[in-house]
Structures are given as structure tokens and as C-alpha cells.
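*Asks:* Questions regarding the structure given below will be posed in turn.
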Amino acid sequence: MLRAGDLAPDFTATTSNGTQLTLSALRGRHVVLFFFPKAFTTGCTIETRRFRDHYSEIAALGAEVIGVSVDKEQTQCDFANKEGVPFPMIGDESKAINRSYDVLWPLLGVSQRVTYVIGRDGRIELVLHHELLVNKHLDEVKRHLKSVPRSEKGA
């Protein structure tokens, strides 16, 4: 798993809304990059809904949210559509993004429940890893973003 201070690995991927997203293109704002095991499962649905329901607050704090799992691109699109997700979701079937962020379960081949808050400079500021406490990531993300001095939020 990557640590605070590490440079966030860049990637380009197709999102659930069919556009290409390149992480480095978001420099200048915070990025909340959350990895989850599998679309349509109970814990992952709860976590995704929480980020969805608080997305406007996170955006007002100067951050973008991106969700990633190893699901197929179409599965991720179906999941995002069903849940009405306003932020990009990525199906990382090749597992390339998961590997670069070191979040794959070794034997299971699915994402661990890990959230990275990436700073405006592209460096990781916060790493959260709670497999069962699906509510905890959002609360800690908001606490962190609120602690960033206003002049650094990019909002």
C-alpha cells in the first residue's frame, strides 16, 4: 500500500460516463480515490452511496471523487447508473490501477477497501484502510479536507 507523501501513480482510464480520465489532469485540486472490492455488493454499495450523498460537500471542499474496482467496465457503468453516482467510476478489469496503488488482495484478486486523498500537487496526503467500517472513510476524508487551509483547497 502506498503511503502519505508518495507521488500518486498517474493513470488514464475510461469512466462510467464513457469519458477518458487522466489523474494528472486533475492536478490543482484534491482527489479522493477510493478502491472497493466489488460493485453491487452490500458494503461497496453502502460506501458508494455515502460518497454519492456527500459529493456536493466534497466538491465544495475543492476535491473530486473517483471510485475504482476490478469489475468490468460495463459492470461499473451499470453500478454507477443504478446508484446515480455523479462522479467518475472506473472498472479496472486489467487490475493495472489497483497494482500501481498496491491495493489488490493477494489471493482474491479484488481491491482492498482503501481510500487515498491526493493533494493538489499529486502527492498522497491521507491513506485510509478499513475493510468493514464502510462509513469511516467518508468521515475521515471530510475531516481531512476541512483541515486543509482554504487557500490550498483550489476551490
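By order of appearance in the C-alpha cells: chains A, B, ..., then residues from 1 within every chain, and ligands from 1 in the order shown.
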Quick one: residues within 12 Å of Glu140 in chain A, only C-alpha atoms counted, chain neighbours fewer than 2 positions away excluded, as a list in words?

*Replies:*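 Result of the neighbour search: Val32, Phe51, Ile58, Thr115, Tyr116, Val117, Leu126, Val127, Leu128, His129, His130, Leu133, Val134, Asn135, Lys136, His137, Leu138, Lys142, Arg143, His144, Leu145, Lys146 and Ser147 of chain A.
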
*Asks:* Using N, CA and C atoms, can you write the selected residues to a file as a short mmCIF file (atom, residue, chain, number, x, y, z; two decimals), in the first residue's frame?

*Replies:*
```
data_model
loop_
_atom_site.label_atom_id
_atom_site.label_comp_id
_atom_site.auth_asym_id
_atom_site.auth_seq_id
_atom_site.Cartn_x
_atom_site.Cartn_y
_atom_site.Cartn_z
N VAL A 32 -10.13 12.37 -4.24
CA VAL A 32 -10.46 11.28 -3.32
C VAL A 32 -10.61 10.05 -4.20
N PHE A 51 -20.48 8.27 -0.54
CA PHE A 51 -19.72 9.25 -1.32
C PHE A 51 -20.67 10.02 -2.26
N ILE A 58 -18.08 17.41 -0.71
CA ILE A 58 -16.68 17.14 -1.03
C ILE A 58 -16.21 18.07 -2.14
N THR A 115 -8.88 4.09 0.61
CA THR A 115 -9.14 5.42 0.06
C THR A 115 -7.87 6.25 0.20
N TYR A 116 -7.49 6.89 -0.90
CA TYR A 116 -6.36 7.81 -0.90
C TYR A 116 -6.90 9.22 -1.13
N VAL A 117 -6.43 10.17 -0.34
CA VAL A 117 -6.69 11.58 -0.63
C VAL A 117 -5.39 12.10 -1.22
N LEU A 126 -3.36 11.36 2.53
CA LEU A 126 -4.04 10.54 3.53
C LEU A 126 -4.33 9.17 2.94
N VAL A 127 -4.11 8.12 3.74
CA VAL A 127 -4.40 6.74 3.33
C VAL A 127 -5.34 6.15 4.38
N LEU A 128 -6.47 5.63 3.92
CA LEU A 128 -7.45 5.01 4.81
C LEU A 128 -7.67 3.57 4.37
N HIS A 129 -7.69 2.66 5.34
CA HIS A 129 -7.89 1.24 5.03
C HIS A 129 -8.74 0.63 6.13
N HIS A 130 -10.02 0.47 5.85
CA HIS A 130 -10.95 -0.15 6.79
C HIS A 130 -11.84 -1.08 5.98
N LEU A 133 -15.53 -1.18 8.16
CA LEU A 133 -16.12 0.08 8.59
C LEU A 133 -16.36 0.97 7.37
N VAL A 134 -17.39 0.64 6.61
CA VAL A 134 -17.62 1.31 5.33
C VAL A 134 -17.99 2.78 5.47
N ASN A 135 -18.42 3.21 6.65
CA ASN A 135 -18.76 4.61 6.86
C ASN A 135 -17.55 5.46 7.23
N LYS A 136 -16.51 4.83 7.68
CA LYS A 136 -15.37 5.55 8.25
C LYS A 136 -14.59 6.36 7.22
N HIS A 137 -14.43 5.86 6.00
CA HIS A 137 -13.62 6.57 5.01
C HIS A 137 -14.19 7.96 4.71
N LEU A 138 -15.48 8.04 4.45
CA LEU A 138 -16.08 9.33 4.13
C LEU A 138 -15.88 10.32 5.27
N LYS A 142 -13.72 13.82 4.81
CA LYS A 142 -14.29 15.15 5.05
C LYS A 142 -13.51 15.89 6.13
N ARG A 143 -13.15 15.21 7.20
CA ARG A 143 -12.36 15.83 8.28
C ARG A 143 -11.03 16.33 7.72
N HIS A 144 -10.38 15.52 6.88
CA HIS A 144 -9.10 15.93 6.30
C HIS A 144 -9.26 17.14 5.38
N LEU A 145 -10.23 17.08 4.48
CA LEU A 145 -10.43 18.19 3.53
C LEU A 145 -10.79 19.49 4.25
N LYS A 146 -11.55 19.39 5.33
CA LYS A 146 -11.91 20.58 6.09
C LYS A 146 -10.70 21.17 6.81
N SER A 147 -9.68 20.35 7.07
CA SER A 147 -8.48 20.83 7.77
C SER A 147 -7.49 21.52 6.84
#
```

*Asks:* Apply DSSP to the backbone of this structure and, from range 24-153 of chain A, keep only the residues in helix (DSSP H, G or I); write these as a VMD selection string.

*Replies:* chain A and resid 24 to 26 42 to 53 55 to 60 73 to 83 96 to 100 136 to 147 150 to 153

*Asks:* Among chain A, which residues carry a DSSP assignment of strand (DSSP E), reported as a PyMOL selection string?

*Replies:* chain A and resi 12-14+20-22+30-35+63-69+89-91+114-118+124-129

*Asks:* For the selection just defined, write its residues with C-alpha atoms to a file, as a PDB file, in the first residue's frame.

*Replies:*
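Output contents, as saved in result.pdb:
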```pdb
ATOM      1  CA  THR A  12      -5.722   7.075 -17.835  1.00  0.00           C
ATOM      2  CA  ALA A  13      -8.956   5.093 -17.856  1.00  0.00           C
ATOM      3  CA  THR A  14     -12.439   5.088 -19.308  1.00  0.00           C
ATOM      4  CA  GLN A  20     -11.285   9.262 -20.616  1.00  0.00           C
ATOM      5  CA  LEU A  21      -9.915  10.402 -17.275  1.00  0.00           C
ATOM      6  CA  THR A  22      -6.230  11.078 -16.646  1.00  0.00           C
ATOM      7  CA  HIS A  30      -7.665  17.313  -4.287  1.00  0.00           C
ATOM      8  CA  VAL A  31      -8.719  13.865  -5.473  1.00  0.00           C
ATOM      9  CA  VAL A  32     -10.456  11.280  -3.323  1.00  0.00           C
ATOM     10  CA  LEU A  33      -9.578   7.960  -4.957  1.00  0.00           C
ATOM     11  CA  PHE A  34     -11.488   5.120  -3.326  1.00  0.00           C
ATOM     12  CA  PHE A  35     -10.955   1.460  -4.138  1.00  0.00           C
ATOM     13  CA  ALA A  63     -11.991  17.774  -4.273  1.00  0.00           C
ATOM     14  CA  GLU A  64     -13.028  15.317  -6.984  1.00  0.00           C
ATOM     15  CA  VAL A  65     -14.099  11.752  -6.148  1.00  0.00           C
ATOM     16  CA  ILE A  66     -13.193   8.694  -8.229  1.00  0.00           C
ATOM     17  CA  GLY A  67     -14.271   5.118  -7.441  1.00  0.00           C
ATOM     18  CA  VAL A  68     -12.309   2.094  -8.678  1.00  0.00           C
ATOM     19  CA  SER A  69     -12.830  -1.664  -8.532  1.00  0.00           C
ATOM     20  CA  MET A  89     -16.273   5.284 -11.570  1.00  0.00           C
ATOM     21  CA  ILE A  90     -13.640   3.071 -13.169  1.00  0.00           C
ATOM     22  CA  GLY A  91     -13.790  -0.645 -13.901  1.00  0.00           C
ATOM     23  CA  VAL A 114      -8.627   1.695   0.527  1.00  0.00           C
ATOM     24  CA  THR A 115      -9.137   5.420   0.064  1.00  0.00           C
ATOM     25  CA  TYR A 116      -6.361   7.812  -0.904  1.00  0.00           C
ATOM     26  CA  VAL A 117      -6.687  11.576  -0.633  1.00  0.00           C
ATOM     27  CA  ILE A 118      -4.333  13.016  -3.214  1.00  0.00           C
ATOM     28  CA  ILE A 124      -0.822  11.306  -1.340  1.00  0.00           C
ATOM     29  CA  GLU A 125      -1.893  13.157   1.796  1.00  0.00           C
ATOM     30  CA  LEU A 126      -4.042  10.537   3.527  1.00  0.00           C
ATOM     31  CA  VAL A 127      -4.402   6.742   3.333  1.00  0.00           C
ATOM     32  CA  LEU A 128      -7.453   5.012   4.806  1.00  0.00           C
ATOM     33  CA  HIS A 129      -7.887   1.242   5.029  1.00  0.00           C
TER      34      HIS A 129
END
```

*Asks:* Using only C-alpha atoms, which of the listed residues (A:Gly122, A:Val148, A:Glu47, A:Trp105) sits closest to Gly28 in chain A?

*Replies:* A:Gly122

*Asks:* Hey, can you check how far CA of Val141 in chain A sits from CA of Ile46 in chain A?

*Replies:*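 Between CA of Val141 in chain A and CA of Ile46 in chain A the gap works out to 15.9 Å.
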
*Asks:* For each of A:Ala39, A:Leu2, A:Glu73, A:His54, take the minimum atom-to-atom distance to Leu104 in chain A, counting only C-alpha atoms, then give the residue where this is smallest.

*Replies:*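 Looking at the shortest contact to Leu104 in chain A, the residue is A:Leu2.
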
*Asks:* When you count only C-alpha atoms, which of these residues is closest to Ser111 in chain A: A:Ala4, A:Gly84, A:Cys44, A:Ser16?

*Replies:*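 Once distances to Ser111 in chain A are computed over only C-alpha atoms, the minimum belongs to A:Cys44.
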
*Asks:* For Phe40 in chain A, which residue among A:Glu83, A:Ser56, A:Val70, A:Thr15 is the nearest when counting only C-alpha atoms?

*Replies:*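 Using only C-alpha atoms, the shortest distance to Phe40 in chain A belongs to A:Glu83.
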
*Asks:* Between CA of Arg27 in chain A and CA of Arg120 in chain A, what distance in Å does the model show, to one decimal?

*Replies:*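 Computing the Euclidean distance for CA of Arg27 in chain A and CA of Arg120 in chain A yields 5.3 Å.
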
*Asks:* Smallest atom-to-atom distance to Leu26 in chain A: which of A:Val110, A:Ala80, A:Ala8, A:Ile97, using only C-alpha atoms?

*Replies:*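 Using only C-alpha atoms, the shortest distance to Leu26 in chain A belongs to A:Ala8.
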